[in-house]
Every structure is written in structure tokens, then in C-alpha cells.
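Asker: Below you'll find entry_1.pdb; it's PDB, C-alpha atoms.
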MODEL        1
ATOM      1  CA  MET A  16      -7.667 -36.089 -47.844
ATOM      2  CA  ASP A  17      -6.279 -32.568 -47.854
ATOM      3  CA  MET A  18      -5.200 -31.607 -44.350
ATOM      4  CA  ARG A  19      -6.355 -28.057 -44.908
ATOM      5  CA  THR A  20      -9.998 -29.120 -45.120
ATOM      6  CA  THR A  21      -9.850 -30.971 -41.810
ATOM      7  CA  PRO A  22     -12.969 -30.377 -39.679
ATOM      8  CA  HIS A  23     -10.761 -30.202 -36.571
ATOM      9  CA  PRO A  24      -8.271 -27.336 -36.936
ATOM     10  CA  ILE A  25      -4.880 -27.721 -35.244
ATOM     11  CA  SER A  26      -5.120 -25.932 -31.894
ATOM     12  CA  VAL A  27      -2.048 -23.795 -31.142
ATOM     13  CA  LEU A  28      -0.841 -22.153 -27.922
ATOM     14  CA  VAL A  29       1.497 -19.186 -28.530
ATOM     15  CA  VAL A  30       4.024 -18.282 -25.805
ATOM     16  CA  ASP A  31       6.335 -15.272 -26.056
ATOM     17  CA  ASP A  32       7.081 -12.276 -23.843
ATOM     18  CA  HIS A  33       6.866  -9.826 -26.785
ATOM     19  CA  PRO A  34       3.248  -8.797 -27.554
ATOM     20  CA  LEU A  35       4.054  -7.847 -31.161
ATOM     21  CA  LEU A  36       5.564 -11.239 -31.893
ATOM     22  CA  ARG A  37       2.605 -13.012 -30.281
ATOM     23  CA  ALA A  38       0.246 -10.914 -32.380
ATOM     24  CA  GLY A  39       2.188 -11.691 -35.563
ATOM     25  CA  LEU A  40       2.199 -15.415 -34.864
ATOM     26  CA  GLY A  41      -1.497 -15.336 -34.017
ATOM     27  CA  GLU A  42      -2.363 -13.491 -37.206
ATOM     28  CA  ALA A  43      -0.395 -15.905 -39.407
ATOM     29  CA  ILE A  44      -1.920 -18.974 -37.746
ATOM     30  CA  SER A  45      -5.475 -17.612 -37.730
ATOM     31  CA  SER A  46      -5.260 -16.874 -41.464
ATOM     32  CA  GLN A  47      -5.113 -20.638 -42.132
ATOM     33  CA  GLU A  48      -8.230 -22.785 -42.364
ATOM     34  CA  ASP A  49      -6.567 -25.806 -40.750
ATOM     35  CA  MET A  50      -5.243 -24.160 -37.563
ATOM     36  CA  ARG A  51      -6.348 -21.760 -34.840
ATOM     37  CA  VAL A  52      -4.853 -20.032 -31.799
ATOM     38  CA  VAL A  53      -6.538 -21.273 -28.625
ATOM     39  CA  GLY A  54      -4.466 -19.293 -26.141
ATOM     40  CA  GLU A  55      -1.494 -17.040 -25.441
ATOM     41  CA  ALA A  56       1.013 -16.727 -22.598
ATOM     42  CA  CYS A  57       3.830 -14.254 -21.940
ATOM     43  CA  ASN A  58       6.157 -16.332 -19.729
ATOM     44  CA  GLY A  59       6.985 -19.928 -18.917
ATOM     45  CA  ARG A  60       4.890 -20.048 -15.750
ATOM     46  CA  GLU A  61       1.789 -18.913 -17.652
ATOM     47  CA  ALA A  62       2.644 -21.396 -20.416
ATOM     48  CA  VAL A  63       2.576 -24.378 -18.044
ATOM     49  CA  ASP A  64      -0.815 -23.287 -16.644
ATOM     50  CA  ALA A  65      -2.235 -22.539 -20.106
ATOM     51  CA  TYR A  66      -1.090 -25.884 -21.483
ATOM     52  CA  THR A  67      -2.709 -27.778 -18.612
ATOM     53  CA  GLN A  68      -5.955 -25.886 -19.110
ATOM     54  CA  LEU A  69      -6.126 -25.877 -22.921
ATOM     55  CA  ARG A  70      -4.251 -29.058 -23.984
ATOM     56  CA  PRO A  71      -3.331 -27.604 -27.426
ATOM     57  CA  ASP A  72      -2.213 -29.827 -30.309
ATOM     58  CA  VAL A  73       0.930 -27.714 -30.787
ATOM     59  CA  THR A  74       2.632 -25.151 -28.534
ATOM     60  CA  ILE A  75       5.013 -22.523 -29.941
ATOM     61  CA  MET A  76       7.220 -21.205 -27.127
ATOM     62  CA  ASP A  77      10.132 -18.789 -26.952
ATOM     63  CA  ILE A  78      13.265 -20.204 -25.323
ATOM     64  CA  ALA A  79      14.232 -16.956 -23.545
ATOM     65  CA  MET A  80      11.496 -15.575 -21.268
ATOM     66  CA  PRO A  81      11.140 -14.046 -17.790
ATOM     67  CA  GLU A  82       9.974 -15.858 -14.631
ATOM     68  CA  LEU A  83      10.379 -19.342 -16.111
ATOM     69  CA  ASP A  84      12.353 -19.749 -19.328
ATOM     70  CA  GLY A  85      11.058 -21.789 -22.247
ATOM     71  CA  VAL A  86      13.293 -24.803 -21.648
ATOM     72  CA  ALA A  87      12.257 -25.080 -17.985
ATOM     73  CA  ALA A  88       8.590 -24.694 -19.004
ATOM     74  CA  LEU A  89       9.054 -27.382 -21.672
ATOM     75  CA  HIS A  90      10.433 -29.789 -19.067
ATOM     76  CA  GLU A  91       7.506 -29.062 -16.707
ATOM     77  CA  ILE A  92       4.906 -29.516 -19.436
ATOM     78  CA  ARG A  93       6.454 -32.750 -20.740
ATOM     79  CA  ARG A  94       6.830 -34.152 -17.234
ATOM     80  CA  GLU A  95       3.045 -34.050 -16.820
ATOM     81  CA  HIS A  96       2.073 -34.528 -20.479
ATOM     82  CA  ASN A  97       4.657 -36.641 -22.310
ATOM     83  CA  ASN A  98       2.753 -36.424 -25.597
ATOM     84  CA  ALA A  99       2.964 -32.609 -25.668
ATOM     85  CA  ARG A 100       4.234 -31.258 -28.996
ATOM     86  CA  VAL A 101       6.237 -28.127 -28.282
ATOM     87  CA  VAL A 102       8.109 -26.064 -30.872
ATOM     88  CA  MET A 103      10.813 -23.820 -29.414
ATOM     89  CA  LEU A 104      11.239 -20.336 -30.838
ATOM     90  CA  THR A 105      14.783 -18.959 -30.784
ATOM     91  CA  THR A 106      17.014 -16.196 -32.082
ATOM     92  CA  TYR A 107      19.698 -18.889 -31.910
ATOM     93  CA  LYS A 108      22.358 -17.356 -29.739
ATOM     94  CA  GLY A 109      23.461 -20.446 -27.846
ATOM     95  CA  ASP A 110      23.339 -24.141 -28.543
ATOM     96  CA  ALA A 111      23.395 -25.176 -24.866
ATOM     97  CA  GLN A 112      19.774 -24.090 -24.378
ATOM     98  CA  ILE A 113      18.817 -25.783 -27.637
ATOM     99  CA  LEU A 114      20.547 -28.987 -26.560
ATOM    100  CA  ARG A 115      18.637 -28.888 -23.258
ATOM    101  CA  ALA A 116      15.410 -28.382 -25.219
ATOM    102  CA  VAL A 117      16.194 -31.392 -27.427
ATOM    103  CA  GLN A 118      16.864 -33.460 -24.315
ATOM    104  CA  GLY A 119      13.596 -32.145 -22.855
ATOM    105  CA  GLY A 120      11.639 -33.521 -25.796
ATOM    106  CA  ALA A 121      11.088 -30.447 -28.001
ATOM    107  CA  ALA A 122       9.249 -31.449 -31.181
ATOM    108  CA  GLY A 123      10.957 -28.776 -33.252
ATOM    109  CA  PHE A 124      12.579 -25.367 -33.474
ATOM    110  CA  LEU A 125      11.746 -22.163 -35.301
ATOM    111  CA  LEU A 126      14.364 -19.497 -35.938
ATOM    112  CA  LYS A 127      12.920 -16.002 -35.543
ATOM    113  CA  SER A 128      14.824 -14.975 -38.676
ATOM    114  CA  THR A 129      12.908 -17.510 -40.810
ATOM    115  CA  LEU A 130       9.532 -17.467 -39.034
ATOM    116  CA  ARG A 131       7.583 -16.139 -41.995
ATOM    117  CA  LYS A 132       8.886 -18.937 -44.218
ATOM    118  CA  ASP A 133       8.815 -21.897 -41.812
ATOM    119  CA  LEU A 134       6.015 -21.292 -39.287
ATOM    120  CA  LEU A 135       3.027 -22.946 -40.955
ATOM    121  CA  ASP A 136       4.854 -25.984 -42.331
ATOM    122  CA  THR A 137       6.469 -26.548 -38.931
ATOM    123  CA  VAL A 138       3.116 -26.448 -37.127
ATOM    124  CA  ARG A 139       1.610 -28.912 -39.621
ATOM    125  CA  GLY A 140       4.643 -31.193 -39.571
ATOM    126  CA  VAL A 141       4.891 -31.340 -35.782
ATOM    127  CA  HIS A 142       1.147 -31.974 -35.530
ATOM    128  CA  MET A 143       1.633 -34.992 -37.815
ATOM    129  CA  GLY A 144       4.306 -36.335 -35.470
ATOM    130  CA  GLN A 145       7.396 -35.098 -37.309
ATOM    131  CA  ARG A 146      10.394 -33.495 -35.617
ATOM    132  CA  ARG A 147      11.357 -30.204 -37.248
ATOM    133  CA  ILE A 148      14.908 -28.932 -36.659
ATOM    134  CA  PRO A 149      16.283 -26.249 -39.026
ATOM    135  CA  PRO A 150      19.555 -27.276 -40.722
ATOM    136  CA  GLU A 151      21.510 -24.459 -39.019
ATOM    137  CA  ILE A 152      20.554 -25.828 -35.602
ATOM    138  CA  ALA A 153      21.029 -29.470 -36.612
ATOM    139  CA  MET A 154      24.592 -28.762 -37.768
ATOM    140  CA  GLU A 155      25.511 -26.970 -34.555
ATOM    141  CA  LEU A 156      23.967 -29.708 -32.421
ATOM    142  CA  ALA A 157      25.876 -32.399 -34.290
ATOM    143  CA  GLN A 158      29.102 -30.461 -33.753
ATOM    144  CA  HIS A 159      28.641 -30.258 -29.979
ATOM    145  CA  MET A 160      26.834 -33.533 -29.183
ATOM    146  CA  GLY A 161      30.154 -35.364 -28.926
ATOM    147  CA  GLN A 162      31.481 -33.085 -26.203
ATOM    148  CA  GLY A 163      30.521 -34.143 -22.702
ATOM    149  CA  PRO A 164      28.436 -31.646 -20.723
ATOM    150  CA  LEU A 165      30.119 -29.671 -17.956
ATOM    151  CA  SER A 166      29.654 -31.099 -14.476
ATOM    152  CA  SER A 167      27.921 -28.976 -11.842
ATOM    153  CA  ARG A 168      31.298 -28.262 -10.200
ATOM    154  CA  GLU A 169      32.866 -27.291 -13.545
ATOM    155  CA  MET A 170      29.914 -24.946 -14.108
ATOM    156  CA  GLU A 171      30.525 -23.336 -10.702
ATOM    157  CA  VAL A 172      34.226 -22.838 -11.474
ATOM    158  CA  LEU A 173      33.412 -21.376 -14.891
ATOM    159  CA  ASN A 174      30.802 -19.004 -13.448
ATOM    160  CA  HIS A 175      33.313 -17.721 -10.877
ATOM    161  CA  ALA A 176      35.933 -17.322 -13.630
ATOM    162  CA  ALA A 177      33.383 -15.335 -15.649
ATOM    163  CA  SER A 178      33.026 -13.017 -12.638
ATOM    164  CA  GLY A 179      36.763 -12.359 -12.782
ATOM    165  CA  HIS A 180      37.792 -14.403  -9.740
ATOM    166  CA  SER A 181      41.299 -15.879  -9.521
ATOM    167  CA  ASN A 182      41.870 -19.594  -8.943
ATOM    168  CA  ARG A 183      42.711 -18.865  -5.300
ATOM    169  CA  ARG A 184      39.510 -16.872  -4.832
ATOM    170  CA  ILE A 185      37.434 -19.606  -6.515
ATOM    171  CA  ALA A 186      39.046 -22.205  -4.239
ATOM    172  CA  GLU A 187      38.086 -20.142  -1.182
ATOM    173  CA  ARG A 188      34.529 -19.647  -2.403
ATOM    174  CA  LEU A 189      33.987 -23.343  -3.147
ATOM    175  CA  SER A 190      36.010 -24.659  -0.179
ATOM    176  CA  ILE A 191      38.282 -26.739  -2.393
ATOM    177  CA  SER A 192      42.026 -26.608  -3.090
ATOM    178  CA  GLU A 193      43.537 -24.379  -5.743
ATOM    179  CA  GLU A 194      44.886 -27.497  -7.469
ATOM    180  CA  THR A 195      41.345 -28.873  -7.705
ATOM    181  CA  VAL A 196      40.182 -25.602  -9.261
ATOM    182  CA  LYS A 197      42.981 -25.887 -11.853
ATOM    183  CA  ALA A 198      41.951 -29.485 -12.602
ATOM    184  CA  HIS A 199      38.319 -28.446 -13.129
ATOM    185  CA  MET A 200      39.386 -25.556 -15.343
ATOM    186  CA  LYS A 201      41.556 -27.910 -17.400
ATOM    187  CA  ASN A 202      38.485 -30.114 -17.988
ATOM    188  CA  VAL A 203      36.407 -27.062 -18.935
ATOM    189  CA  LEU A 204      39.000 -25.960 -21.503
ATOM    190  CA  ALA A 205      39.089 -29.452 -23.011
ATOM    191  CA  LYS A 206      35.299 -29.799 -23.203
ATOM    192  CA  LEU A 207      34.818 -26.349 -24.739
ATOM    193  CA  ALA A 208      37.897 -26.618 -26.980
ATOM    194  CA  ALA A 209      39.079 -23.317 -25.481
ATOM    195  CA  ASN A 210      42.614 -21.914 -25.479
ATOM    196  CA  ASP A 211      42.428 -20.319 -22.020
ATOM    197  CA  ARG A 212      39.920 -19.352 -19.343
ATOM    198  CA  THR A 213      38.952 -16.076 -21.059
ATOM    199  CA  HIS A 214      38.295 -17.983 -24.279
ATOM    200  CA  ALA A 215      36.281 -20.574 -22.287
ATOM    201  CA  VAL A 216      34.090 -17.846 -20.771
ATOM    202  CA  THR A 217      33.534 -16.283 -24.202
ATOM    203  CA  ILE A 218      32.526 -19.638 -25.719
ATOM    204  CA  ALA A 219      30.257 -20.480 -22.779
ATOM    205  CA  LEU A 220      28.469 -17.113 -23.014
ATOM    206  CA  LYS A 221      28.061 -17.406 -26.789
ATOM    207  CA  ARG A 222      26.636 -20.913 -26.503
ATOM    208  CA  GLY A 223      24.302 -20.077 -23.636
ATOM    209  CA  ILE A 224      26.039 -22.392 -21.151
ATOM    210  CA  ILE A 225      26.394 -19.522 -18.686
ATOM    211  CA  THR A 226      24.896 -16.053 -18.450
ATOM    212  CA  ILE A 227      26.185 -12.955 -16.700
TER     213      ILE A 227
ENDMDL
END
Spell out the structure here as C-alpha cells.

Answerer:
Amino acid sequence: MDMRTTPHPISVLVVDDHPLLRAGLGEAISSQEDMRVVGEACNGREAVDAYTQLRPDVTIMDIAMPELDGVAALHEIRREHNNARVVMLTTYKGDAQILRAVQGGAAGFLLKSTLRKDLLDTVRGVHMGQRRIPPEIAMELAQHMGQGPLSSREMEVLNHAASGHSNRRIAERLSISEETVKAHMKNVLAKLAANDRTHAVTIALKRGIITI
């Protein structure tokens, strides 16, 4: 049976903080006989509430949003509804957020640059139980999966380094010895394959591990 003649259209919740993008997504989805938009939200907090109320078949949600970002909202939704099918929308600036979304159970990803081409097939595929990850994202994930994540202490050291603090200053702030700071920084450089602390900060910002 052709999916497109299904008597029960795929219900879709659209979550993005840009009204024009929400409108564009809604228009594209509503133009199809086999899917319909059942709700919209403009931040992660609204998304969690809307999902609980509407229980859509598929949710399309931006990763970067105010109040509660998409990854945090994904984790909240999946904690209460482990069968939720959520597709994360991204401009693809950092793989750390994408990795967290994969770990949080995202059913797929849509790159904003290829939305027009991939949107409808992704919605249908995810609804059928498939996992949809664009090749660009899959390659980057594979490249970084082997590197252990930074520990919470290493993240603290890196964040202070990003703020321009010296090892001595970081040690004072964290109430640890300067030697311990150097040891943490050495681990950070190894995990990020960075040449020095400036390079580590640059990589971490690019990959979305830290923000300033």
C-alpha cells in the first residue's frame, strides 16, 4: 500500500525559534497528503510541553534555541516518552551537540542547508522507524567517537582557559594545584588532538564543546 494514501497522516511537531523557518517547514509538510503539522513551538521548554500534550508521530527540533536548547529538550522528552521520534535540525557548527543528541536518542538529523531536499523523506523514514543521519554528520561522528569525552573538571579548566586565565589563576579559581591544572590541560590537548591551549579552545568552540 502506498504510504501517501494512508488514512492517518503523520503528525509532526515543528520546533524552531525562527518564525520564517517554522512557516517554511509547516508549508512543506502541509503540502503532502500523508503528513500534517499538529503544533509549533519556539523554544525547548515549549517543545517539551507541546510534545506531552500532542504526542506527535515525529518532532522536528532545532538544536540551538533559547531557554532550553534542543538537546536538553530531547533528553527531557525521551526521559518521559522513550518511543519519541525526534529529528534534530542543525546548521552543523559543532559535533559535540550532535554527539549528545545521538546519545539522547535522536532519530535523525536534518541539515538546514539541505532541508528542501531531505525534509519529507526524513520525516517518512523516521516515522517508519529508520534512523536518518546525513553522511556529512555520520563521517564527523565516526571521526570523533573514538576520542573520550572531556571530564567535568577538564571542561572547567578548558572554559577558564577560553576566558584567558593563566594556569595559576585557574588553580586558584578551582582550588587545585597548578600542577593538577597542567595535568588536566595535557589530557584536554590529547583528547582534542590540539597543539596547545589556544588550539584546544579553538577546536572546542568549533565543535560546540564550549561556548563563550

Asker: Using only C-alpha atoms, which of the listed residues (A:Ala79, A:Ile225, A:Val138, A:Ile218) sits closest to Ser167 in chain A?

Answerer: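 Comparing A:Ala79, A:Ile225, A:Val138, A:Ile218 against Ser167 in chain A, the winner is A:Ile225.
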
Asker: Do you have the CA of Glu48 in chain A-CA of Lys132 in chain A distance handy?

Answerer: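 One can read the CA of Glu48 in chain A to CA of Lys132 in chain A distance as 17.6 Å.
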
Asker: Just want the 8 Å neighbourhood of Val52 in chain A, counted on only C-alpha atoms, with same-chain residues fewer than 6 positions away dropped. Output as a list in words.

Answerer: Ser26, Val27, Leu28, Val29, Gly41, Ile44 and Ser45 of chain A

Asker: Go ahead and save the residues from that selection, with C-alpha atoms, as a PDB file, keeping the file's coordinate frame.

Answerer:
ATOM      1  CA  SER A  26      -5.120 -25.932 -31.894  1.00  0.00           C
ATOM      2  CA  VAL A  27      -2.048 -23.795 -31.142  1.00  0.00           C
ATOM      3  CA  LEU A  28      -0.841 -22.153 -27.922  1.00  0.00           C
ATOM      4  CA  VAL A  29       1.497 -19.186 -28.530  1.00  0.00           C
ATOM      5  CA  GLY A  41      -1.497 -15.336 -34.017  1.00  0.00           C
ATOM      6  CA  ILE A  44      -1.920 -18.974 -37.746  1.00  0.00           C
ATOM      7  CA  SER A  45      -5.475 -17.612 -37.730  1.00  0.00           C
TER       8      SER A  45
END

Asker: To test your reading of the syntax: which residues would the PyMOL selection byres ((chain A and resi 169-173) around 10) return for the file shown? Reply as a PyMOL selection string.

Answerer: chain A and resi 164-168+174-180+182+185-186+188-189+196-204+212-213+215-216+219+224-225

Asker: Give me the residues near Ala99 in chain A as a PyMOL selection string, where near means some atom within 9 Å (using all atoms listed in the file) and where sequence neighbours in that chain fewer than 4 positions away do not count.

Answerer: chain A and resi 66+70-74+89+92-93+95+120-122

Asker: Selected by the PyMOL selection byres ((chain A and resi 40) around 12) in the shown coordinates: which residues, as a ChimeraX atom specification?

Answerer: /A:27-31,33-39,41-47,50-52,54-55,74-77,104,125,127,130-131,133-135,138

Asker: Any chance you could resolve the PyMOL selection byres ((chain A and resi 143) around 12) against this file and give the residues as a PDB file with C-alpha atoms, in the frame of the given file?

Answerer:
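Result file is expr-v9.pdb:
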ATOM      1  CA  MET A  18      -5.200 -31.607 -44.350  1.00  0.00           C
ATOM      2  CA  ILE A  25      -4.880 -27.721 -35.244  1.00  0.00           C
ATOM      3  CA  ASP A  72      -2.213 -29.827 -30.309  1.00  0.00           C
ATOM      4  CA  VAL A  73       0.930 -27.714 -30.787  1.00  0.00           C
ATOM      5  CA  ARG A 100       4.234 -31.258 -28.996  1.00  0.00           C
ATOM      6  CA  ALA A 122       9.249 -31.449 -31.181  1.00  0.00           C
ATOM      7  CA  ASP A 136       4.854 -25.984 -42.331  1.00  0.00           C
ATOM      8  CA  THR A 137       6.469 -26.548 -38.931  1.00  0.00           C
ATOM      9  CA  VAL A 138       3.116 -26.448 -37.127  1.00  0.00           C
ATOM     10  CA  ARG A 139       1.610 -28.912 -39.621  1.00  0.00           C
ATOM     11  CA  GLY A 140       4.643 -31.193 -39.571  1.00  0.00           C
ATOM     12  CA  VAL A 141       4.891 -31.340 -35.782  1.00  0.00           C
ATOM     13  CA  HIS A 142       1.147 -31.974 -35.530  1.00  0.00           C
ATOM     14  CA  GLY A 144       4.306 -36.335 -35.470  1.00  0.00           C
ATOM     15  CA  GLN A 145       7.396 -35.098 -37.309  1.00  0.00           C
ATOM     16  CA  ARG A 146      10.394 -33.495 -35.617  1.00  0.00           C
ATOM     17  CA  ARG A 147      11.357 -30.204 -37.248  1.00  0.00           C
TER      18      ARG A 147
END

Asker: Fix up range 74-85 of chain A with all heavy atoms, then write it as a compact mmCIF listing (two decimals), keeping the file's coordinate frame.

Answerer:
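Output file out29.txt follows:
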# COMPACT_ATOMS: atom_id res chain seq x y z
N THR A 74 2.27 -26.36 -29.27
CA THR A 74 2.63 -25.15 -28.53
C THR A 74 3.87 -24.54 -29.17
O THR A 74 4.83 -25.25 -29.45
CB THR A 74 2.94 -25.48 -27.06
OG1 THR A 74 1.77 -26.04 -26.45
CG2 THR A 74 3.35 -24.23 -26.28
N ILE A 75 3.84 -23.24 -29.44
CA ILE A 75 5.01 -22.52 -29.94
C ILE A 75 5.50 -21.65 -28.80
O ILE A 75 4.77 -20.79 -28.30
CB ILE A 75 4.67 -21.66 -31.17
CG1 ILE A 75 4.19 -22.55 -32.31
CG2 ILE A 75 5.89 -20.86 -31.61
CD1 ILE A 75 3.68 -21.77 -33.51
N MET A 76 6.74 -21.87 -28.35
CA MET A 76 7.22 -21.20 -27.13
C MET A 76 8.64 -20.67 -27.28
O MET A 76 9.54 -21.39 -27.70
CB MET A 76 7.16 -22.20 -25.96
CG MET A 76 7.59 -21.64 -24.62
SD MET A 76 6.90 -22.56 -23.23
CE MET A 76 7.50 -24.22 -23.53
N ASP A 77 8.81 -19.41 -26.91
CA ASP A 77 10.13 -18.79 -26.95
C ASP A 77 11.04 -19.45 -25.91
O ASP A 77 10.60 -19.79 -24.81
CB ASP A 77 9.99 -17.29 -26.67
CG ASP A 77 11.23 -16.50 -27.04
OD1 ASP A 77 12.20 -17.11 -27.52
OD2 ASP A 77 11.22 -15.27 -26.87
N ILE A 78 12.30 -19.62 -26.27
CA ILE A 78 13.26 -20.20 -25.32
C ILE A 78 13.58 -19.23 -24.20
O ILE A 78 13.64 -19.60 -23.03
CB ILE A 78 14.56 -20.63 -26.06
CG1 ILE A 78 14.37 -22.01 -26.70
CG2 ILE A 78 15.76 -20.66 -25.10
CD1 ILE A 78 15.62 -22.60 -27.32
N ALA A 79 13.80 -17.95 -24.54
CA ALA A 79 14.23 -16.96 -23.54
C ALA A 79 13.05 -16.12 -23.08
O ALA A 79 12.51 -15.32 -23.84
CB ALA A 79 15.31 -16.06 -24.15
N MET A 80 12.62 -16.33 -21.82
CA MET A 80 11.50 -15.58 -21.27
C MET A 80 11.71 -15.33 -19.77
O MET A 80 12.46 -16.06 -19.13
CB MET A 80 10.19 -16.35 -21.46
CG MET A 80 9.72 -16.44 -22.89
SD MET A 80 8.08 -17.23 -22.98
CE MET A 80 8.46 -18.87 -22.35
N PRO A 81 11.02 -14.32 -19.23
CA PRO A 81 11.14 -14.05 -17.79
C PRO A 81 10.37 -15.06 -16.95
O PRO A 81 9.57 -15.83 -17.47
CB PRO A 81 10.52 -12.65 -17.67
CG PRO A 81 9.55 -12.56 -18.80
CD PRO A 81 10.17 -13.34 -19.92
N GLU A 82 10.63 -15.02 -15.64
CA GLU A 82 9.97 -15.86 -14.63
C GLU A 82 10.34 -17.33 -14.74
O GLU A 82 10.91 -17.90 -13.83
CB GLU A 82 8.45 -15.67 -14.66
CG GLU A 82 8.03 -14.30 -14.14
CD GLU A 82 6.56 -14.22 -13.81
OE1 GLU A 82 6.00 -15.20 -13.28
OE2 GLU A 82 5.97 -13.16 -14.07
N LEU A 83 9.99 -17.95 -15.88
CA LEU A 83 10.38 -19.34 -16.11
C LEU A 83 10.73 -19.41 -17.59
O LEU A 83 9.90 -19.09 -18.44
CB LEU A 83 9.21 -20.28 -15.78
CG LEU A 83 9.51 -21.78 -15.77
CD1 LEU A 83 10.40 -22.15 -14.59
CD2 LEU A 83 8.22 -22.58 -15.73
N ASP A 84 11.98 -19.77 -17.91
CA ASP A 84 12.35 -19.75 -19.33
C ASP A 84 11.69 -20.90 -20.08
O ASP A 84 11.10 -21.82 -19.50
CB ASP A 84 13.88 -19.75 -19.51
CG ASP A 84 14.53 -21.06 -19.08
OD1 ASP A 84 14.07 -22.14 -19.51
OD2 ASP A 84 15.53 -21.00 -18.34
N GLY A 85 11.76 -20.83 -21.41
CA GLY A 85 11.06 -21.79 -22.25
C GLY A 85 11.49 -23.23 -22.05
O GLY A 85 10.67 -24.15 -22.09
